[in-house]
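Visitor: To start, I am sharing the structure in question, which I have written as structure tokens.
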Amino acid sequence: MSTPDPTKTINSPEATRESAPRFTKAKDGKRVDHAAAAKQFLDSPIHAKSHDERVWAMRTKRDKQAHAIEEWEELRDLASQIKTHTLTHLDEYLEQFADNAAANGVRVHWAADAADHNRIVHEIFNDHDVKKVIKSKSMLMEECGFRHYMEGVGIEIVETDLGERIQQLDNEDPSHVVVPSVHKMRSDVAKVFAETLGSDPDNDDAHYLAGRQRDATRPLILEADAGMTGANFAVAETGGFIVCTNEGNADLSANVPNLHVASIGIEKLVPRMEDMGVFIRLLSRSALGSPITQYTSHFRAPRAGGEMHIVLVDNGRSKRLGQEKFWSSLKCIRCGACMNTCPVFRRSGGLSYGATYTGPLGLILDPSFDAHRYSNLPFASTLNGSCTNVCPVKINIHEQIFEWRQVLAEDGHIPWAKKSALAAAGKVLADPKRYRAAIRTAQSALKHLPDWAVYSQLNAWGQVRDMPDVPDGGSFHDWYRKNRLHKTEAADTATHDSGDDS
Amino acid sequence: MQIGLFVPCFIDAFYPEVGIATLELLERFGCKVDYPFDQTCCGQPMVNAGCHPEAAATEQHFVNQFEKYDVIVAPSGSCVHQVRDNLTAIKQTDKVKHVRTNTYELVEYLHDVLKVDAFPWARFEHRVGYHDSCNTLRNLGHGQPSELHGKYFSKPRALLEKVAGLELVAPSRPDECCGFGGTFSVTEPEVSGQMGRDKIADHGRAGAEYIVSADTSCLMHQQGCAKRIGAPIRFMHIAEILNGAAA
């Protein structure tokens with residue numbers, strides 16, 4: 001018997017045999033079909049189970065952290081109030097922030113939309129003859145399709161966040177705002193790295209894989225002409241901004257090259273530095289269930305001889321600020337707690353949403369970018385409400401999902417067949433005679449039809465579960481008429497219906 | 001004091017024993033209960049799918065049926081949530097407001113209004129896993145959800161603890177959604193089914209012989225999932241146990 005090689009550890013041979021789930025992307029102009037994509041995810045059961053358990057573990061750790069802080073619910077209240085105040089005075093705080101940043105020696109740019117953002121950054125890069133860029137993780141840049149834009153103009157972008165780098169090398173979008181490759185198992189990462197970085201395909205040890213990525217990426221960091229970061233928070237009174245990471249990769253991206261460009265959504269503003277005392281306590285506890293991120297980096301001014309740019313991006317935010325039912329989604333601090341608690345997200349994977357923002361947050365943000373394309377997403381929820389309860393800034397997420405359903409139905413974005421079926425149901429349910437007839441028909445169909453007719457493709461209920469048994473004694477209505485009606489006053493008032501019932 | 005009993009459509013059609021248990025239980029506590037014979041539905045199927053105008057006629061019919069009662073009680077958390085919080089497709093007249101503010105789910109009526117302290121007729125010698133439906137837990141306030149920081153309480157468990165012989169067991173994910181979700185159960189059958197199977201398995205690992213809930217719709221879904229995979233676990237509405245049903 002040979003001695004096992006400690007550097008070669010395939011953690012899960014079954015996972016290696018099971019191919020990672022792949023998703024069919026919706027074509028331009030088509031609706032994202034979340035249900036179909038979710039099925040593709042669940043068709044890789046080992047991956048699906050692992051995903052559910054890993055993401056649930058983050059929710060469990062978050063609970064432990066939250067429950068250890070006596071004033072947790074007060075902190076959530078405070079955070080919500082600070083964000084509400086800021087958003088309702090956003091024009092003033094943005095001006096204050098921009099003025100202070102400029103006074104610190106930072107060049108401030110304003111981008112109305114994604115195209116504007118990409119153009120502005122491209123111009124900055126052109127001015128400095130930039131060809132190679134390192135960046136830390138930024139959902140805003142994902143939203144702007146920044147990396148794809150830059151690839152199109154011949155500028156090389158290297159992701160420095162490990163999870164985001166895995167996704168970049170695999171040519172796949174991030175599936176989660178905090179843990180972008182959480183849907184992948186170690187065996188999948190080993191395969192990606194073997195193909196792209198030349199690592200040993202038979203070694204899926206986490207330390208080994210992280211090491212190979214580090215070896216491959218460090219030289220790129222040292223060679224980069226510019227570094228990009230996002231921001232978790234931007235402080236109006238100082239003109240500075242804060243980036244939270246667990247890998248220190250934002251610090252490398254910002255500090256190694258001479259040129260630092262930060263893309264910041266206009267909703268990231270907070271008024272004062274002391275507000276960080278509230279948000280930093282909430283952010284990582286909500287996200288990963290750790291008290292704080294490994295790195296909480298404050299940036300305020302370019303270093304001597306360097307240059308710093310801030311691009312403040314609207315991209316639909318000021319429009320959303322004017323929407324009575326949906327403006328409070330701008331309070332979001334992108335912690336991902338709503339994803340971790342969401343039972344649908346855990347069982348369908350982030351990529352099934354076919355959008356930048358996934359999970360409950362995605363359901364309320366994505367339709368505001370493209371109502372038709374993302375019109376199925378608000379229906380990818382059981383409305384269980386736990387997302388609202390874990391949200392550190394108290395966004396009423398599940399209520400907004402419910403509201404979006406109404407908006408999409410009113411604006412003609414739900415399929416005609418579904419809407420007409422519900423209109424027909426509404427007519428039956430408003431009419432006692434037709435209602436009683438429908439109940440009898442349903443009971444009789446289940447009693448007399450053969451299983452193959454009941455469990456057809458047309459019956460979505462029957463695809464995954466059995467129908468209830470039909471009670472021997474008939475409906476409650478039948479029982480009441482037989483056993484009780486003569487005893488109550490209802491006998492006098494409701495007899496017009498009884499003739500239909502027998 | 002006259003109670004109007006609301007028996008939602010799927011209970012009427014498939015689980016008449018739940019309606020009967022609710023009626024008998026309220027009568028055991030001396031309530032005067034009437035079942036308006038021409039009742040249909042609360043409008044939830046349409047509203048849950050975003051189709052409010054399509055629900056208006058049904059909502060109006062519901063109010064017409066129940067406006068004459070002091071209080072309306074139903075053995076279904078999701079329907080009570082619809083009436084109380086989402087019955088908004090019609091003009092909010094005084095009658096509509098009266099119906100909406102006086103509609104109770106059975107557990108809250110027993111626990112908060114009648115303040116029941118004993119069910120001497122009830123005996124259930126089994127291990128029971130209680131299923132908190134999301135609507136009863138988070139929209140009606142049946143208990144403290146596991147994700148919120150605060151003092152633990154659970155109204156349905158407080159009632160079940162008064163039943164002789166009954167042993168409560170707890171799944172590892174105490175209030176994870178079972179995946180029914182109204183129209184979600186048919187628009188997302190694969191995820192819904194996976195959630196249902198996971199929920200049943202979690203209760204099974206905790207040793208539950210019965211899954212008990214205040215929401216029949218969740219039970220109908222879980223029962224359907226259990227039957228499909230041949231899981232031997234059984235299902236019962238809380239009203240049946242509190243009314244003294246034997247296994």
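Ordering of the structure tokens sets the chain letters (A, B, ...); residue numbers start at 1 within each chain; ligands are numbered from 1 in the order shown.
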What residues in chain B lie within 7 Å of chain A, counting only C-alpha atoms, written as a PyMOL selection string?
Guide: chain B and resi 12-14+16+19+36-41+46+49-52+54-55+57-58+61+134-135+138+147-149+177+179-181+184-186+188-191+193+220+224-225+227-228
Visitor: Let's have the selection written as a PDB file, in the first residue's frame, with C-alpha atoms.
Guide:
ATOM      1  CA  ASP B  12     -63.891  22.435   2.040  1.00  0.00           C
ATOM      2  CA  ALA B  13     -62.996  20.124  -0.855  1.00  0.00           C
ATOM      3  CA  PHE B  14     -60.283  17.874   0.576  1.00  0.00           C
ATOM      4  CA  PRO B  16     -63.598  18.607   5.704  1.00  0.00           C
ATOM      5  CA  GLY B  19     -63.516  22.468   9.203  1.00  0.00           C
ATOM      6  CA  PRO B  36     -72.411  31.193   5.914  1.00  0.00           C
ATOM      7  CA  PHE B  37     -73.504  28.694   3.318  1.00  0.00           C
ATOM      8  CA  ASP B  38     -72.719  30.649   0.148  1.00  0.00           C
ATOM      9  CA  GLN B  39     -69.103  31.479   1.055  1.00  0.00           C
ATOM     10  CA  THR B  40     -66.422  30.758  -1.516  1.00  0.00           C
ATOM     11  CA  CYS B  41     -62.874  32.123  -1.216  1.00  0.00           C
ATOM     12  CA  MET B  46     -55.405  35.801  -7.728  1.00  0.00           C
ATOM     13  CA  ALA B  49     -50.125  36.131  -8.431  1.00  0.00           C
ATOM     14  CA  GLY B  50     -50.346  39.923  -8.580  1.00  0.00           C
ATOM     15  CA  CYS B  51     -53.795  39.946 -10.223  1.00  0.00           C
ATOM     16  CA  HIS B  52     -55.705  42.225  -7.869  1.00  0.00           C
ATOM     17  CA  GLU B  54     -59.256  39.805 -11.001  1.00  0.00           C
ATOM     18  CA  ALA B  55     -59.799  39.220  -7.260  1.00  0.00           C
ATOM     19  CA  ALA B  57     -65.469  40.262  -7.247  1.00  0.00           C
ATOM     20  CA  THR B  58     -64.336  37.403  -4.993  1.00  0.00           C
ATOM     21  CA  HIS B  61     -68.436  38.322  -2.219  1.00  0.00           C
ATOM     22  CA  CYS B 134     -44.562  31.476   7.083  1.00  0.00           C
ATOM     23  CA  ASN B 135     -47.822  33.399   7.005  1.00  0.00           C
ATOM     24  CA  ARG B 138     -44.193  36.253  10.166  1.00  0.00           C
ATOM     25  CA  GLU B 147     -33.830  34.929  12.584  1.00  0.00           C
ATOM     26  CA  LEU B 148     -35.105  37.743  14.806  1.00  0.00           C
ATOM     27  CA  HIS B 149     -33.354  38.649  18.026  1.00  0.00           C
ATOM     28  CA  CYS B 177     -40.376  27.391   4.542  1.00  0.00           C
ATOM     29  CA  GLY B 179     -42.075  25.430  -0.336  1.00  0.00           C
ATOM     30  CA  PHE B 180     -45.831  25.651  -0.845  1.00  0.00           C
ATOM     31  CA  GLY B 181     -46.008  29.417  -1.413  1.00  0.00           C
ATOM     32  CA  PHE B 184     -45.293  29.215  -6.368  1.00  0.00           C
ATOM     33  CA  SER B 185     -46.164  25.534  -5.903  1.00  0.00           C
ATOM     34  CA  VAL B 186     -47.215  25.302  -9.554  1.00  0.00           C
ATOM     35  CA  GLU B 188     -41.832  26.574  -9.588  1.00  0.00           C
ATOM     36  CA  PRO B 189     -42.696  22.901  -9.020  1.00  0.00           C
ATOM     37  CA  GLU B 190     -39.089  21.636  -8.888  1.00  0.00           C
ATOM     38  CA  VAL B 191     -37.868  24.008  -6.170  1.00  0.00           C
ATOM     39  CA  GLY B 193     -40.934  19.900  -4.343  1.00  0.00           C
ATOM     40  CA  MET B 220     -51.485  19.476   1.604  1.00  0.00           C
ATOM     41  CA  GLY B 224     -48.363  15.255  -1.437  1.00  0.00           C
ATOM     42  CA  CYS B 225     -44.544  15.244  -1.401  1.00  0.00           C
ATOM     43  CA  LYS B 227     -46.866  10.337  -0.606  1.00  0.00           C
ATOM     44  CA  ARG B 228     -44.879  10.697  -3.802  1.00  0.00           C
TER      45      ARG B 228
END
Visitor: Using only C-alpha atoms, which protein or nucleic acid residues come within 8 Å of B:Cys42? Drop anything in the same chain fewer than 6 positions from it, and give the result as number ranges by chain.
Guide: B: 8, 58-59, 62, 79, 82-83, 87
Visitor: List every residue of stretch 153-263 of chain A that DSSP, applied to the backbone of this structure, places in strand (DSSP E), and write the result as a list in words.
Guide: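 Of stretch 153-263 of chain A, the ones in strand (DSSP E) are Glu156, Ile157, Val158, Glu159, Ala226, Gly227, Met228, Thr229, Phe233, Ala234, Val235, Gly240, Phe241, Ile242, Val243, Cys244, Thr245, Leu259, His260, Val261, Ala262 and Ser263 of chain A.
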Visitor: Name the closest residue to A:Glu274 among the candidates A:Ala79, A:Ala371, A:Leu90, A:Val454; distances are taken between atoms, counting only C-alpha atoms.
Guide: A:Ala79
Visitor: Residues near B:Leu137, anyone? I mean within 12 Å using only C-alpha atoms, not counting same-chain ones fewer than 2 positions away, as a PDB file with C-alpha atoms, in the first residue's frame.
Guide:
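Below you can see out-v6.pdb, which holds the result:
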ATOM      1  CA  ASN A 384     -41.964  33.559   3.425  1.00  0.00           C
ATOM      2  CA  GLY A 385     -40.632  36.887   4.707  1.00  0.00           C
ATOM      3  CA  SER A 386     -37.393  35.775   6.376  1.00  0.00           C
ATOM      4  CA  ASN A 389     -36.212  39.933   8.987  1.00  0.00           C
TER       5      ASN A 389
ATOM      6  CA  GLY B  77     -53.156  31.405   8.326  1.00  0.00           C
ATOM      7  CA  SER B  78     -52.581  32.403   4.714  1.00  0.00           C
ATOM      8  CA  HIS B  81     -53.376  37.151   6.120  1.00  0.00           C
ATOM      9  CA  GLU B 105     -56.843  32.640  12.530  1.00  0.00           C
ATOM     10  CA  VAL B 107     -54.759  29.577  16.959  1.00  0.00           C
ATOM     11  CA  GLU B 108     -54.657  33.297  17.665  1.00  0.00           C
ATOM     12  CA  TYR B 130     -44.978  21.577  14.506  1.00  0.00           C
ATOM     13  CA  HIS B 131     -44.751  23.339  11.149  1.00  0.00           C
ATOM     14  CA  ASP B 132     -44.793  27.119  11.443  1.00  0.00           C
ATOM     15  CA  SER B 133     -46.302  28.299   8.200  1.00  0.00           C
ATOM     16  CA  CYS B 134     -44.562  31.476   7.083  1.00  0.00           C
ATOM     17  CA  ASN B 135     -47.822  33.399   7.005  1.00  0.00           C
ATOM     18  CA  ASN B 139     -47.417  37.891   9.019  1.00  0.00           C
ATOM     19  CA  LEU B 140     -49.762  36.951  11.873  1.00  0.00           C
ATOM     20  CA  GLY B 141     -47.182  36.845  14.683  1.00  0.00           C
ATOM     21  CA  HIS B 142     -47.725  33.281  15.913  1.00  0.00           C
ATOM     22  CA  GLY B 143     -44.243  33.226  17.377  1.00  0.00           C
ATOM     23  CA  GLN B 144     -40.708  34.536  17.368  1.00  0.00           C
ATOM     24  CA  PRO B 145     -39.035  33.715  14.039  1.00  0.00           C
ATOM     25  CA  SER B 146     -35.592  32.144  14.501  1.00  0.00           C
ATOM     26  CA  GLU B 147     -33.830  34.929  12.584  1.00  0.00           C
ATOM     27  CA  LEU B 148     -35.105  37.743  14.806  1.00  0.00           C
ATOM     28  CA  PHE B 153     -42.583  32.447  22.153  1.00  0.00           C
ATOM     29  CA  SER B 154     -44.876  30.253  20.119  1.00  0.00           C
ATOM     30  CA  LYS B 155     -48.655  30.402  20.439  1.00  0.00           C
ATOM     31  CA  PRO B 156     -49.400  27.113  18.636  1.00  0.00           C
ATOM     32  CA  ARG B 157     -46.775  25.224  20.651  1.00  0.00           C
ATOM     33  CA  PRO B 174     -36.884  25.441  12.993  1.00  0.00           C
ATOM     34  CA  ASP B 175     -38.941  27.608  10.660  1.00  0.00           C
ATOM     35  CA  GLU B 176     -37.644  26.918   7.157  1.00  0.00           C
ATOM     36  CA  CYS B 177     -40.376  27.391   4.542  1.00  0.00           C
ATOM     37  CA  SER B 213     -49.691  22.965  11.350  1.00  0.00           C
ATOM     38  CA  ALA B 214     -52.255  25.750  11.408  1.00  0.00           C
ATOM     39  CA  ASP B 215     -52.055  26.039   7.621  1.00  0.00           C
TER      40      ASP B 215
END
Visitor: Which neighbours of stretch 122-135 of chain A fall inside 8 Å, counting only C-alpha atoms, when residues of the same chain fewer than 3 positions from it are skipped, and could you give them as a ChimeraX atom specification?
Guide: /A:118-119,150,154-160,220-221,223-229,250,253
Visitor: Next, dump the selected residues to file, keeping only C-alpha atoms, as a compact mmCIF listing (two decimals), in the first residue's frame.
Guide:
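And here is the file that came out, result-v4.txt:
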# COMPACT_ATOMS: atom_id res chain seq x y z
CA ASN A 118 -17.70 52.62 -18.83
CA ARG A 119 -16.94 55.54 -21.16
CA MET A 150 -13.09 46.64 -21.33
CA GLY A 154 -8.54 45.61 -25.54
CA ILE A 155 -7.93 46.43 -21.89
CA GLU A 156 -7.16 43.43 -19.71
CA ILE A 157 -9.03 43.20 -16.42
CA VAL A 158 -7.89 40.84 -13.67
CA GLU A 159 -10.22 40.08 -10.76
CA THR A 160 -8.34 39.89 -7.47
CA LEU A 220 -0.37 40.51 -12.66
CA ILE A 221 -0.97 42.76 -9.65
CA GLU A 223 2.43 44.66 -13.51
CA ALA A 224 -0.93 46.47 -13.48
CA ASP A 225 -1.22 50.02 -14.82
CA ALA A 226 -4.34 50.85 -12.81
CA GLY A 227 -6.39 49.50 -9.92
CA MET A 228 -10.13 49.62 -9.46
CA THR A 229 -12.31 49.18 -6.41
CA ALA A 250 -8.93 45.84 -2.47
CA SER A 253 -5.81 46.90 -6.20
Visitor: Please provide as an MDAnalysis selection string all residues within 6 Å of A:Ala287, with the sequence filter that same-chain residues fewer than 4 positions apart are discarded (counting only C-alpha atoms).
Guide: chainID A and resid 335:337
Visitor: Keeping only C-alpha atoms, write the selected residues as a PDB file, in the first residue's frame.
Guide:
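For reference, again-v3.pdb as written:
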ATOM      1  CA  CYS A 335     -24.520  41.945   2.528  1.00  0.00           C
ATOM      2  CA  GLY A 336     -26.308  39.003   0.914  1.00  0.00           C
ATOM      3  CA  ALA A 337     -28.131  37.989   4.125  1.00  0.00           C
TER       4      ALA A 337
END
Visitor: Could you tell me how far atom CA of A:Leu377 sits from atom CA of B:Pro45, in Å to one decimal place?
Guide: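 Here the two named atoms are 18.1 Å from each other.
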Visitor: Do a neighbour search on A:Lys184 at 10 Å with only C-alpha atoms, toss out local chain neighbours closer than 5 positions, and write the hits as a ChimeraX atom specification.
Guide: /A:20-21,47-48,50-51,163,166-167,175,189,349
Visitor: For a test of reading the model, state the distance in Å between atom CA of B:Asp70 and atom CA of B:Thr103, rounded to one decimal.
Guide: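 Atom CA of B:Thr103 lies at a distance of 9.1 Å from atom CA of B:Asp70.
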Visitor: List the neighbours of B:Ile72 out to 8 Å using only C-alpha atoms; skip same-chain residues closer than 5 positions along the sequence, and give me the result as a list in words.
Guide: Ile3, Gly4, Leu5, Phe6, Phe66, Val99, Asn102, Thr103 and Tyr104 of chain B
Visitor: Output N, CA and C atoms for every residue in that selection, as a PDB file, in the first residue's frame.
Guide:
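Once everything was written out, this is part01.pdb:
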ATOM      1  N   ILE B   3     -69.929  34.274  15.727  1.00  0.00           N
ATOM      2  CA  ILE B   3     -68.739  34.002  14.910  1.00  0.00           C
ATOM      3  C   ILE B   3     -69.168  33.465  13.546  1.00  0.00           C
ATOM      4  N   GLY B   4     -68.579  33.995  12.507  1.00  0.00           N
ATOM      5  CA  GLY B   4     -68.754  33.412  11.178  1.00  0.00           C
ATOM      6  C   GLY B   4     -67.567  32.511  10.885  1.00  0.00           C
ATOM      7  N   LEU B   5     -67.837  31.247  10.555  1.00  0.00           N
ATOM      8  CA  LEU B   5     -66.755  30.297  10.276  1.00  0.00           C
ATOM      9  C   LEU B   5     -66.410  30.342   8.793  1.00  0.00           C
ATOM     10  N   PHE B   6     -65.143  30.645   8.517  1.00  0.00           N
ATOM     11  CA  PHE B   6     -64.675  30.648   7.130  1.00  0.00           C
ATOM     12  C   PHE B   6     -63.906  29.353   6.883  1.00  0.00           C
ATOM     13  N   PHE B  66     -69.670  37.758   5.056  1.00  0.00           N
ATOM     14  CA  PHE B  66     -69.216  37.770   6.451  1.00  0.00           C
ATOM     15  C   PHE B  66     -69.472  39.074   7.209  1.00  0.00           C
ATOM     16  N   VAL B  99     -64.839  43.654   8.437  1.00  0.00           N
ATOM     17  CA  VAL B  99     -64.475  42.262   8.153  1.00  0.00           C
ATOM     18  C   VAL B  99     -62.963  42.069   8.293  1.00  0.00           C
ATOM     19  N   ASN B 102     -61.668  42.139  11.949  1.00  0.00           N
ATOM     20  CA  ASN B 102     -62.232  41.166  12.891  1.00  0.00           C
ATOM     21  C   ASN B 102     -62.094  39.720  12.429  1.00  0.00           C
ATOM     22  N   THR B 103     -61.176  39.487  11.501  1.00  0.00           N
ATOM     23  CA  THR B 103     -60.935  38.120  11.039  1.00  0.00           C
ATOM     24  C   THR B 103     -59.718  37.548  11.762  1.00  0.00           C
ATOM     25  N   TYR B 104     -59.901  36.377  12.367  1.00  0.00           N
ATOM     26  CA  TYR B 104     -58.846  35.734  13.163  1.00  0.00           C
ATOM     27  C   TYR B 104     -58.516  34.353  12.618  1.00  0.00           C
TER      28      TYR B 104
END
Visitor: What are the DSSP helix (DSSP H, G or I) residues of stretch 51-180 of chain B, as an NGL selection string?
Guide: :B and (53-66 or 77-86 or 94-101 or 106-113 or 134-139 or 155-160)
Visitor: Can you write out the residues you just picked, keeping N, CA and C atoms, as a short mmCIF file (atom, residue, chain, number, x, y, z; two decimals), in the first residue's frame?
Guide:
data_model
loop_
_atom_site.label_atom_id
_atom_site.label_comp_id
_atom_site.auth_asym_id
_atom_site.auth_seq_id
_atom_site.Cartn_x
_atom_site.Cartn_y
_atom_site.Cartn_z
N PRO B 53 -57.16 43.16 -9.65
CA PRO B 53 -58.50 43.44 -10.19
C PRO B 53 -59.31 42.16 -10.40
N GLU B 54 -58.59 41.08 -10.77
CA GLU B 54 -59.26 39.80 -11.00
C GLU B 54 -59.81 39.22 -9.70
N ALA B 55 -59.35 39.72 -8.56
CA ALA B 55 -59.80 39.22 -7.26
C ALA B 55 -60.94 40.05 -6.69
N ALA B 56 -61.25 41.18 -7.31
CA ALA B 56 -62.19 42.14 -6.69
C ALA B 56 -63.55 41.52 -6.43
N ALA B 57 -64.11 40.82 -7.41
CA ALA B 57 -65.47 40.26 -7.25
C ALA B 57 -65.48 39.23 -6.13
N THR B 58 -64.42 38.43 -6.05
CA THR B 58 -64.34 37.40 -4.99
C THR B 58 -64.21 38.07 -3.62
N GLU B 59 -63.40 39.10 -3.54
CA GLU B 59 -63.23 39.82 -2.26
C GLU B 59 -64.56 40.43 -1.82
N GLN B 60 -65.29 41.02 -2.78
CA GLN B 60 -66.58 41.63 -2.45
C GLN B 60 -67.55 40.57 -1.96
N HIS B 61 -67.55 39.41 -2.64
CA HIS B 61 -68.44 38.32 -2.22
C HIS B 61 -68.10 37.88 -0.80
N PHE B 62 -66.81 37.82 -0.50
CA PHE B 62 -66.37 37.41 0.85
C PHE B 62 -66.93 38.37 1.90
N VAL B 63 -66.79 39.67 1.61
CA VAL B 63 -67.27 40.66 2.57
C VAL B 63 -68.80 40.57 2.72
N ASN B 64 -69.50 40.39 1.60
CA ASN B 64 -70.96 40.26 1.66
C ASN B 64 -71.37 39.08 2.54
N GLN B 65 -70.62 38.00 2.46
CA GLN B 65 -70.95 36.80 3.22
C GLN B 65 -70.69 36.97 4.72
N PHE B 66 -69.67 37.76 5.06
CA PHE B 66 -69.22 37.77 6.45
C PHE B 66 -69.47 39.07 7.21
N GLY B 77 -53.91 30.18 8.13
CA GLY B 77 -53.16 31.41 8.33
C GLY B 77 -53.04 32.26 7.07
N SER B 78 -52.82 31.61 5.92
CA SER B 78 -52.58 32.40 4.71
C SER B 78 -53.85 33.14 4.28
N CYS B 79 -55.01 32.48 4.46
CA CYS B 79 -56.27 33.14 4.08
C CYS B 79 -56.55 34.32 5.01
N VAL B 80 -56.25 34.15 6.29
CA VAL B 80 -56.47 35.25 7.24
C VAL B 80 -55.54 36.42 6.91
N HIS B 81 -54.30 36.10 6.54
CA HIS B 81 -53.38 37.15 6.12
C HIS B 81 -53.92 37.90 4.90
N GLN B 82 -54.47 37.17 3.95
CA GLN B 82 -55.04 37.80 2.76
C GLN B 82 -56.16 38.77 3.15
N VAL B 83 -57.08 38.30 4.01
CA VAL B 83 -58.22 39.14 4.39
C VAL B 83 -57.72 40.35 5.18
N ARG B 84 -56.86 40.10 6.15
CA ARG B 84 -56.43 41.16 7.06
C ARG B 84 -55.54 42.20 6.36
N ASP B 85 -54.58 41.71 5.56
CA ASP B 85 -53.55 42.62 5.04
C ASP B 85 -53.65 42.94 3.56
N ASN B 86 -54.29 42.09 2.78
CA ASN B 86 -54.23 42.28 1.32
C ASN B 86 -55.59 42.35 0.62
N ASP B 94 -66.82 50.84 5.38
CA ASP B 94 -66.84 50.44 6.79
C ASP B 94 -67.04 48.94 6.94
N LYS B 95 -67.89 48.39 6.06
CA LYS B 95 -68.13 46.94 6.14
C LYS B 95 -66.86 46.15 5.82
N VAL B 96 -66.14 46.61 4.81
CA VAL B 96 -64.89 45.93 4.44
C VAL B 96 -63.90 46.03 5.60
N LYS B 97 -63.80 47.23 6.17
CA LYS B 97 -62.86 47.41 7.29
C LYS B 97 -63.26 46.54 8.48
N HIS B 98 -64.58 46.45 8.72
CA HIS B 98 -65.05 45.62 9.83
C HIS B 98 -64.62 44.17 9.64
N VAL B 99 -64.84 43.65 8.44
CA VAL B 99 -64.48 42.26 8.15
C VAL B 99 -62.96 42.07 8.29
N ARG B 100 -62.20 43.02 7.75
CA ARG B 100 -60.74 42.85 7.75
C ARG B 100 -60.14 42.89 9.15
N THR B 101 -60.69 43.76 10.01
CA THR B 101 -60.09 43.89 11.35
C THR B 101 -60.61 42.84 12.33
N LEU B 106 -57.47 30.59 13.70
CA LEU B 106 -57.95 29.81 14.85
C LEU B 106 -57.00 29.85 16.05
N VAL B 107 -55.69 29.62 15.83
CA VAL B 107 -54.76 29.58 16.96
C VAL B 107 -54.74 30.91 17.70
N GLU B 108 -54.70 32.01 16.97
CA GLU B 108 -54.66 33.30 17.67
C GLU B 108 -55.97 33.56 18.38
N TYR B 109 -57.08 33.08 17.81
CA TYR B 109 -58.37 33.28 18.49
C TYR B 109 -58.40 32.50 19.81
N LEU B 110 -57.91 31.26 19.77
CA LEU B 110 -57.89 30.44 21.00
C LEU B 110 -56.91 31.03 22.02
N HIS B 111 -55.74 31.43 21.54
CA HIS B 111 -54.66 31.85 22.43
C HIS B 111 -54.85 33.28 22.94
N ASP B 112 -55.20 34.20 22.05
CA ASP B 112 -55.22 35.62 22.41
C ASP B 112 -56.60 36.10 22.88
N VAL B 113 -57.65 35.59 22.25
CA VAL B 113 -58.99 36.10 22.56
C VAL B 113 -59.66 35.24 23.63
N CYS B 134 -45.19 30.15 7.11
CA CYS B 134 -44.56 31.48 7.08
C CYS B 134 -45.58 32.58 7.32
N ASN B 135 -46.79 32.39 6.80
CA ASN B 135 -47.82 33.40 7.01
C ASN B 135 -48.23 33.53 8.47
N THR B 136 -48.39 32.40 9.15
CA THR B 136 -48.78 32.50 10.56
C THR B 136 -47.62 33.06 11.39
N LEU B 137 -46.39 32.62 11.05
CA LEU B 137 -45.24 33.02 11.87
C LEU B 137 -44.89 34.49 11.68
N ARG B 138 -44.75 34.91 10.42
CA ARG B 138 -44.19 36.25 10.17
C ARG B 138 -45.25 37.30 9.85
N ASN B 139 -46.40 36.89 9.34
CA ASN B 139 -47.42 37.89 9.02
C ASN B 139 -48.49 38.00 10.11
N LYS B 155 -47.26 30.62 20.02
CA LYS B 155 -48.66 30.40 20.44
C LYS B 155 -49.14 28.98 20.13
N PRO B 156 -48.90 28.47 18.91
CA PRO B 156 -49.40 27.11 18.64
C PRO B 156 -48.75 26.06 19.52
N ARG B 157 -47.43 26.21 19.79
CA ARG B 157 -46.77 25.22 20.65
C ARG B 157 -47.30 25.33 22.08
N ALA B 158 -47.59 26.57 22.51
CA ALA B 158 -48.15 26.75 23.86
C ALA B 158 -49.48 26.00 23.97
N LEU B 159 -50.27 25.99 22.90
CA LEU B 159 -51.53 25.25 22.93
C LEU B 159 -51.28 23.74 22.90
N LEU B 160 -50.36 23.31 22.03
CA LEU B 160 -50.11 21.86 21.90
C LEU B 160 -49.52 21.29 23.18
#
Visitor: So the first atom is atom CA of A:Lys30 and the second is atom CA of A:Ser352; what is the distance between them in Å, to one decimal place?
Guide: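 Separating atom CA of A:Lys30 from atom CA of A:Ser352 is a distance of 14.7 Å.
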Visitor: Between A:Ile120, A:Met141, A:Val106, A:Leu330, single out the one closest to A:His85, counting only C-alpha atoms.
Guide: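 Comparing A:Ile120, A:Met141, A:Val106, A:Leu330 against A:His85, the winner is A:Leu330.
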